[in-house]
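Visitor: Take this structure first; my questions come after.
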Number of protein chains: 2
Amino acid sequence: MDLEQSPKQPRGATRERIMEAATAVAHAVGPAHLSLDAVAERAGVSKGGLLYHFPTKASLIKAIVERHLETVANAAGITSCEADGDGDGVALRMMRAFLVTPVAKPGGAQGFLAAMAETPELLEPIRHHNERVAACLRRAQEPEIAMIAFLVVEGLRCLQLFDANPLTEAEIGRIFATLDRILGCPAETA
Amino acid sequence: MDLEQSPKQPRGATRERIMEAATAVAHAVGPAHLSLDAVAERAGVSKGGLLYHFPTKASLIKAIVERHLETVANAAGITSCEADGDGDGVALRMMRAFLVTPVAKPGGAQGFLAAMAETPELLEPIRHHNERVAACLRRAQEPEIAMIAFLVVEGLRCLQLFDANPLTEAEIGRIFATLDRILGCPAETA
DNA sequence: AAGAGTGTACCGTCCAGACGGTCAAGTCAA
DNA sequence: TTGACTTGACCGTCTGGACGGTACACTCTT
């Protein structure tokens with residue numbers, strides 16, 4: 001009965017597995033049908049084990065949302081923007097981040113949907129996050145352009161969330177390149 | 001054939017009321033908890049009455065999605081684009097449409113979320129719709145720019161869907177004006 | 001070193017309530 | 001009378017989560 005080397009999993013591994021399982025299940029059966037039993041089975045723990053780590057369904061979803069948001073915020077460097085007010089930079093970083101983070105891969109953010117479907121209040125942190133981003137963007141040299149970049153990223157994220165993105169990777173690349181150029185040279189304003 | 005003074009509701013009014021009630025409930029309690037009982041109560045019909053018009057929950061949601069999509073497609077004039085290939089026009093019309101249609105008002109599209117939460121397959125028509133839009137955009141003079149406009153609209157729609165739009169109406173107006181200008185004068189390309 | 005005690009991680013059964021959907025029985029305008 | 005429309009009681013299933021275990025790794029005594 002020697003389970004590999006360490007008798008226990010590395011610390012926190014089970015939690016992680018459960019969260020991953022939850023997003024996978026949500027993606028498979030639709031967030032509305034996300035059941036703890038299914039998650040537990042997929043994660044390879046019992047229901048009791050799951051509930052040990054996440055005492056309620058809401059707490060599980062909340063954890064997923066928070067982790068996700070953290071990833072995105074880090075990638076975009078929001079905090080650094082708040083320090084030095086580099087609005088254009090945020091827009092650029094968000095674009096880069098989009099191309100890199102797992103958020104971009106289909107089904108990579110189904111936890112969000114589960115959250116939204118389950119308890120709309122869980123979206124509060126997202127609202128907060130967006131407010132922070134917006135505040136940064138307003139400080140950009142040309143706020144409208146920076147906001148456009150932001151919205152493009154959001155649009156893509158959203159389409160991917162719905163598995164309904166009709167654009168190819170190459171197209172997305174060209175779009176970002178175009179935005180890059182526009183952001184790079186504020187240029188020919190009125 | 002004056003349908004409106006029939007002692008009963010005008011034809012189809014109940015269906016309409018049910019669909020509206022469904023989106024309202026979805027918005028209130030979260031799409032995952034959209035129950036037929038709640039919808040029926042809100043619509044002022046009995047459960048049986050509801051099931052008469054929509055034999056299954058899925059059919060109700062499907063109807064909502066379809067109606068919604070129709071509205072959007074009409075407003076953007078997709079079909080006309082497919083006829084004359086006016087990609088830039090679609091992008092412009094989508095922007096205008098966004099400002100006008102009820103889709104833009106918060107909670108106005110919660111049916112979508114319910115759909116996605118309930119049965120991901122119901123999103124198929126959306127995928128299809130987006131493919132058509134993309135095809136139009138590719139025929140634009142400057143596809144990248146048109147796609148940017150498209151993505152901006154999608155981004156806004158998405159943010160509104162999540163009640164997480166940090167931008168003011170004035171800002172959105174300026175953003176659209178900027179896009180308008182860029183779309184209007186394909187101009188200074190490399 | 002043996003035993004008692006404590007904390008962490010996890011298991012699996014059980015149950016009340018919610019939900020989707022059925023159906024037999026109306027209602028009422030045409 | 002017919003048939004579109006509506007009712008509300010009812011049923012079977014699913015689900016969240018409470019709960020009472022188990023197993024193991026630790027101290028801390030004695």
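Following the order of the structure tokens, chains are lettered A, B, ..., residues in each are numbered from 1, and ligands are numbered from 1.
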Give chain A as an mmCIF file with C-alpha atoms, in the first residue's frame once it has been least-squares superposed onto chain B over every C-alpha atom, paired in order.

Guide:
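Resulting contents of out01.cif:
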```cif
data_model
loop_
_atom_site.group_PDB
_atom_site.id
_atom_site.type_symbol
_atom_site.label_atom_id
_atom_site.label_comp_id
_atom_site.auth_asym_id
_atom_site.auth_seq_id
_atom_site.Cartn_x
_atom_site.Cartn_y
_atom_site.Cartn_z
ATOM 1 C CA MET A 1 -65.344 38.297 -16.314
ATOM 2 C CA ASP A 2 -64.814 40.326 -19.445
ATOM 3 C CA LEU A 3 -61.061 40.388 -19.856
ATOM 4 C CA GLU A 4 -60.616 43.711 -21.586
ATOM 5 C CA GLN A 5 -61.899 43.442 -25.086
ATOM 6 C CA SER A 6 -60.482 40.374 -26.699
ATOM 7 C CA PRO A 7 -61.285 37.355 -24.613
ATOM 8 C CA LYS A 8 -57.873 35.921 -25.475
ATOM 9 C CA GLN A 9 -54.564 37.688 -25.559
ATOM 10 C CA PRO A 10 -53.229 38.625 -28.969
ATOM 11 C CA ARG A 11 -51.600 35.703 -30.629
ATOM 12 C CA GLY A 12 -48.228 34.730 -29.233
ATOM 13 C CA ALA A 13 -48.451 37.219 -26.403
ATOM 14 C CA THR A 14 -48.257 34.558 -23.748
ATOM 15 C CA ARG A 15 -45.129 33.063 -25.239
ATOM 16 C CA GLU A 16 -43.589 36.486 -25.274
ATOM 17 C CA ARG A 17 -44.565 37.140 -21.699
ATOM 18 C CA ILE A 18 -43.052 33.858 -20.625
ATOM 19 C CA MET A 19 -39.766 34.593 -22.341
ATOM 20 C CA GLU A 20 -39.573 37.999 -20.767
ATOM 21 C CA ALA A 21 -40.408 36.558 -17.403
ATOM 22 C CA ALA A 22 -37.661 33.997 -17.823
ATOM 23 C CA THR A 23 -34.992 36.597 -18.453
ATOM 24 C CA ALA A 24 -36.256 38.662 -15.571
ATOM 25 C CA VAL A 25 -36.167 35.733 -13.196
ATOM 26 C CA ALA A 26 -32.746 34.686 -14.421
ATOM 27 C CA HIS A 27 -31.488 38.145 -13.730
ATOM 28 C CA ALA A 28 -33.023 38.222 -10.300
ATOM 29 C CA VAL A 29 -32.056 34.873 -8.848
ATOM 30 C CA GLY A 30 -29.155 33.867 -11.059
ATOM 31 C CA PRO A 31 -29.453 31.670 -14.110
ATOM 32 C CA ALA A 32 -28.649 28.540 -12.187
ATOM 33 C CA HIS A 33 -31.761 28.964 -10.114
ATOM 34 C CA LEU A 34 -34.063 29.663 -12.983
ATOM 35 C CA SER A 35 -37.060 27.489 -12.190
ATOM 36 C CA LEU A 36 -40.118 26.925 -14.253
ATOM 37 C CA ASP A 37 -42.348 27.603 -11.297
ATOM 38 C CA ALA A 38 -40.814 31.010 -10.800
ATOM 39 C CA VAL A 39 -41.086 31.825 -14.475
ATOM 40 C CA ALA A 40 -44.681 30.712 -14.602
ATOM 41 C CA GLU A 41 -45.611 32.815 -11.618
ATOM 42 C CA ARG A 42 -43.860 35.867 -12.965
ATOM 43 C CA ALA A 43 -45.454 35.439 -16.355
ATOM 44 C CA GLY A 44 -48.853 35.074 -14.771
ATOM 45 C CA VAL A 45 -49.535 31.594 -16.083
ATOM 46 C CA SER A 46 -49.686 28.250 -14.411
ATOM 47 C CA LYS A 47 -46.934 25.743 -14.702
ATOM 48 C CA GLY A 48 -49.060 23.669 -17.009
ATOM 49 C CA GLY A 49 -49.669 26.683 -19.175
ATOM 50 C CA LEU A 50 -45.982 27.355 -19.419
ATOM 51 C CA LEU A 51 -45.230 23.790 -20.356
ATOM 52 C CA TYR A 52 -47.887 23.963 -22.985
ATOM 53 C CA HIS A 53 -45.931 26.642 -24.808
ATOM 54 C CA PHE A 54 -42.484 25.305 -24.009
ATOM 55 C CA PRO A 55 -42.578 21.577 -23.445
ATOM 56 C CA THR A 56 -39.191 21.600 -21.757
ATOM 57 C CA LYS A 57 -37.009 24.085 -19.984
ATOM 58 C CA ALA A 58 -34.431 23.712 -22.718
ATOM 59 C CA SER A 59 -36.942 24.649 -25.380
ATOM 60 C CA LEU A 60 -37.768 27.829 -23.512
ATOM 61 C CA ILE A 61 -34.146 28.850 -23.274
ATOM 62 C CA LYS A 62 -33.506 27.921 -26.849
ATOM 63 C CA ALA A 63 -36.311 30.161 -27.972
ATOM 64 C CA ILE A 64 -34.861 33.052 -26.012
ATOM 65 C CA VAL A 65 -31.401 32.587 -27.460
ATOM 66 C CA GLU A 66 -32.700 32.358 -30.983
ATOM 67 C CA ARG A 67 -34.818 35.439 -30.727
ATOM 68 C CA HIS A 68 -31.954 37.339 -29.212
ATOM 69 C CA LEU A 69 -29.512 36.286 -31.870
ATOM 70 C CA GLU A 70 -31.930 37.231 -34.550
ATOM 71 C CA THR A 71 -32.199 40.719 -33.124
ATOM 72 C CA VAL A 72 -28.452 41.167 -33.007
ATOM 73 C CA ALA A 73 -27.845 39.729 -36.444
ATOM 74 C CA ASN A 74 -30.522 41.906 -37.977
ATOM 75 C CA ALA A 75 -29.204 45.023 -36.320
ATOM 76 C CA ALA A 76 -25.706 44.323 -37.577
ATOM 77 C CA GLY A 77 -26.890 43.370 -41.026
ATOM 78 C CA ILE A 78 -24.747 40.286 -41.236
ATOM 79 C CA THR A 79 -26.566 38.859 -44.178
ATOM 80 C CA SER A 80 -26.128 41.993 -46.226
ATOM 81 C CA CYS A 81 -22.431 41.831 -45.486
ATOM 82 C CA GLU A 82 -22.278 38.272 -46.698
ATOM 83 C CA ALA A 83 -23.757 39.462 -49.931
ATOM 84 C CA ASP A 84 -21.514 42.408 -50.637
ATOM 85 C CA GLY A 85 -18.572 41.588 -48.394
ATOM 86 C CA ASP A 86 -18.511 44.908 -46.641
ATOM 87 C CA GLY A 87 -16.437 43.990 -43.612
ATOM 88 C CA ASP A 88 -15.843 47.496 -42.374
ATOM 89 C CA GLY A 89 -19.547 48.131 -42.600
ATOM 90 C CA VAL A 90 -20.371 45.243 -40.282
ATOM 91 C CA ALA A 91 -18.048 46.559 -37.649
ATOM 92 C CA LEU A 92 -19.624 49.966 -37.866
ATOM 93 C CA ARG A 93 -23.142 48.611 -37.831
ATOM 94 C CA MET A 94 -22.395 46.436 -34.832
ATOM 95 C CA MET A 95 -21.276 49.491 -32.929
ATOM 96 C CA ARG A 96 -24.369 51.414 -33.852
ATOM 97 C CA ALA A 97 -26.528 48.429 -33.086
ATOM 98 C CA PHE A 98 -24.965 48.063 -29.706
ATOM 99 C CA LEU A 99 -26.004 51.555 -28.769
ATOM 100 C CA VAL A 100 -29.534 50.980 -29.898
ATOM 101 C CA THR A 101 -30.677 47.456 -29.174
ATOM 102 C CA PRO A 102 -32.049 46.417 -25.825
ATOM 103 C CA VAL A 103 -29.151 43.999 -25.659
ATOM 104 C CA ALA A 104 -27.206 46.851 -24.246
ATOM 105 C CA LYS A 105 -29.353 47.449 -21.236
ATOM 106 C CA PRO A 106 -28.230 45.631 -18.100
ATOM 107 C CA GLY A 107 -29.947 42.334 -17.656
ATOM 108 C CA GLY A 108 -31.235 42.513 -21.171
ATOM 109 C CA ALA A 109 -29.399 39.424 -22.179
ATOM 110 C CA GLN A 110 -29.589 37.239 -19.142
ATOM 111 C CA GLY A 111 -31.299 34.646 -21.243
ATOM 112 C CA PHE A 112 -27.936 33.969 -22.758
ATOM 113 C CA LEU A 113 -26.431 33.288 -19.441
ATOM 114 C CA ALA A 114 -29.240 30.984 -18.554
ATOM 115 C CA ALA A 115 -28.642 29.189 -21.814
ATOM 116 C CA MET A 116 -24.988 28.834 -21.246
ATOM 117 C CA ALA A 117 -25.454 27.774 -17.687
ATOM 118 C CA GLU A 118 -28.134 25.296 -18.519
ATOM 119 C CA THR A 119 -27.006 23.654 -21.695
ATOM 120 C CA PRO A 120 -23.700 24.663 -23.204
ATOM 121 C CA GLU A 121 -24.745 23.128 -26.493
ATOM 122 C CA LEU A 122 -27.288 25.869 -26.868
ATOM 123 C CA LEU A 123 -24.372 28.161 -27.546
ATOM 124 C CA GLU A 124 -23.836 26.467 -30.873
ATOM 125 C CA PRO A 125 -25.880 29.059 -32.758
ATOM 126 C CA ILE A 126 -23.741 31.749 -31.185
ATOM 127 C CA ARG A 127 -20.583 30.084 -32.375
ATOM 128 C CA HIS A 128 -22.071 29.854 -35.804
ATOM 129 C CA HIS A 129 -23.069 33.483 -35.745
ATOM 130 C CA ASN A 130 -19.604 34.561 -34.699
ATOM 131 C CA GLU A 131 -18.038 32.553 -37.468
ATOM 132 C CA ARG A 132 -20.173 34.398 -39.947
ATOM 133 C CA VAL A 133 -19.202 37.721 -38.474
ATOM 134 C CA ALA A 134 -15.542 36.776 -38.522
ATOM 135 C CA ALA A 135 -15.784 35.800 -42.152
ATOM 136 C CA CYS A 136 -17.148 39.246 -42.909
ATOM 137 C CA LEU A 137 -14.459 40.965 -40.910
ATOM 138 C CA ARG A 138 -11.733 39.130 -42.756
ATOM 139 C CA ARG A 139 -12.936 40.781 -45.920
ATOM 140 C CA ALA A 140 -12.569 44.253 -44.461
ATOM 141 C CA GLN A 141 -9.988 46.604 -45.872
ATOM 142 C CA GLU A 142 -7.996 46.355 -42.683
ATOM 143 C CA PRO A 143 -9.158 43.182 -40.995
ATOM 144 C CA GLU A 144 -7.282 43.878 -37.762
ATOM 145 C CA ILE A 145 -9.020 47.174 -37.244
ATOM 146 C CA ALA A 146 -12.432 45.750 -38.028
ATOM 147 C CA MET A 147 -11.783 42.885 -35.631
ATOM 148 C CA ILE A 148 -10.784 45.317 -32.953
ATOM 149 C CA ALA A 149 -14.105 47.059 -33.357
ATOM 150 C CA PHE A 150 -15.877 43.718 -33.174
ATOM 151 C CA LEU A 151 -14.015 42.733 -30.036
ATOM 152 C CA VAL A 152 -14.732 46.049 -28.399
ATOM 153 C CA VAL A 153 -18.422 45.518 -28.930
ATOM 154 C CA GLU A 154 -18.191 41.980 -27.637
ATOM 155 C CA GLY A 155 -16.241 43.178 -24.650
ATOM 156 C CA LEU A 156 -18.871 45.719 -23.798
ATOM 157 C CA ARG A 157 -21.650 43.239 -24.275
ATOM 158 C CA CYS A 158 -19.886 40.830 -22.014
ATOM 159 C CA LEU A 159 -19.236 43.383 -19.298
ATOM 160 C CA GLN A 160 -22.843 44.395 -19.414
ATOM 161 C CA LEU A 161 -23.875 40.796 -19.251
ATOM 162 C CA PHE A 162 -22.021 40.544 -15.989
ATOM 163 C CA ASP A 163 -23.308 43.876 -14.781
ATOM 164 C CA ALA A 164 -19.662 44.774 -14.441
ATOM 165 C CA ASN A 165 -19.172 47.574 -16.894
ATOM 166 C CA PRO A 166 -17.088 50.310 -15.293
ATOM 167 C CA LEU A 167 -17.279 52.670 -18.249
ATOM 168 C CA THR A 168 -19.720 55.532 -18.452
ATOM 169 C CA GLU A 169 -21.981 56.130 -21.397
ATOM 170 C CA ALA A 170 -19.983 59.171 -22.312
ATOM 171 C CA GLU A 171 -16.809 57.131 -22.379
ATOM 172 C CA ILE A 172 -18.399 54.504 -24.536
ATOM 173 C CA GLY A 173 -19.528 57.235 -26.862
ATOM 174 C CA ARG A 174 -16.001 58.562 -27.155
ATOM 175 C CA ILE A 175 -14.627 55.074 -27.687
ATOM 176 C CA PHE A 176 -17.014 54.451 -30.529
ATOM 177 C CA ALA A 177 -16.217 57.829 -31.984
ATOM 178 C CA THR A 178 -12.537 56.970 -31.941
ATOM 179 C CA LEU A 179 -13.182 53.628 -33.579
ATOM 180 C CA ASP A 180 -15.430 55.297 -36.081
ATOM 181 C CA ARG A 181 -12.634 57.597 -37.042
ATOM 182 C CA ILE A 182 -10.117 54.803 -37.365
ATOM 183 C CA LEU A 183 -12.508 52.661 -39.374
ATOM 184 C CA GLY A 184 -13.498 55.611 -41.477
ATOM 185 C CA CYS A 185 -9.977 56.414 -42.609
ATOM 186 C CA PRO A 186 -7.933 53.254 -42.997
ATOM 187 C CA ALA A 187 -5.160 55.798 -43.407
ATOM 188 C CA GLU A 188 -1.572 55.690 -42.349
ATOM 189 C CA THR A 189 -0.801 52.010 -42.667
ATOM 190 C CA ALA A 190 2.725 50.717 -42.918
#
```

Visitor: Give me, as a tab-separated table, the closest atom pair and its distance (Å, one decimal) for every residue of chain C within a cut-off of 12 Å of chain B, counting only C-alpha atoms (C1' of nucleotides), rows sorted by chain and rising number.

Guide:
```
residue	atom	partner	partner_atom	distance
C:DA18	C1'	B:Ser35	CA	9.3
C:DC19	C1'	B:Ser35	CA	7.0
C:DG20	C1'	B:Lys57	CA	7.7
C:DG21	C1'	B:Thr56	CA	7.6
C:DT22	C1'	B:Gly48	CA	9.4
C:DC23	C1'	B:Gly48	CA	9.7
C:DC28	C1'	B:Lys8	CA	10.0
C:DA29	C1'	B:Pro7	CA	8.5
C:DA30	C1'	B:Ser6	CA	11.6
```

Visitor: Please return, as a ChimeraX atom specification, all residues of chain D lying within 12 Å of chain A when only C-alpha atoms (C1' of nucleotides) are considered.

Guide: /D:14-21,23-25

Visitor: Next, the residues of the selection above should be written as a PDB file, in the first residue's frame with C-alpha atoms (C1' of nucleotides).

Guide:
```
ATOM      1  C1'  DC D  14     -31.046  14.546  -7.947  1.00  0.00           C
ATOM      2  C1'  DT D  15     -28.221  17.300  -4.798  1.00  0.00           C
ATOM      3  C1'  DG D  16     -26.145  19.885  -0.971  1.00  0.00           C
ATOM      4  C1'  DG D  17     -24.388  19.045   3.002  1.00  0.00           C
ATOM      5  C1'  DA D  18     -24.604  17.061   7.857  1.00  0.00           C
ATOM      6  C1'  DC D  19     -22.613  13.504  10.429  1.00  0.00           C
ATOM      7  C1'  DG D  20     -20.369   9.748  12.488  1.00  0.00           C
ATOM      8  C1'  DG D  21     -16.797   7.135  11.404  1.00  0.00           C
ATOM      9  C1'  DA D  23      -6.431   6.160   9.536  1.00  0.00           C
ATOM     10  C1'  DC D  24      -2.320   8.131  10.425  1.00  0.00           C
ATOM     11  C1'  DA D  25       1.104  11.347  12.220  1.00  0.00           C
TER      12       DA D  25
END
```

Visitor: Could you work out how far C1' of DC10 in chain C lies from C1' of DT13 in chain D, giving the answer in Å with one decimal?

Guide: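 Separating C1' of DT13 in chain D from C1' of DC10 in chain C is a distance of 27.9 Å.
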
Visitor: Between C1' of DT8 in chain C and C1' of DT30 in chain D, what distance in Å does the model show, to one decimal?

Guide: 26.2 Å

Visitor: In Å, rounded to a single decimal, give me how far C1' of DT7 in chain D is from C1' of DG26 in chain C.

Guide: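 Distance between the two atoms: 7.3 Å.
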
Visitor: Using DSSP on the backbone coordinates, identify the residues of chain A assigned to helix (DSSP H, G or I); present them as a ChimeraX atom specification.

Guide: /A:13-29,31-33,36-43,47-53,57-76,78-84,87-100,102-104,110-118,120-138,143-161,169-184
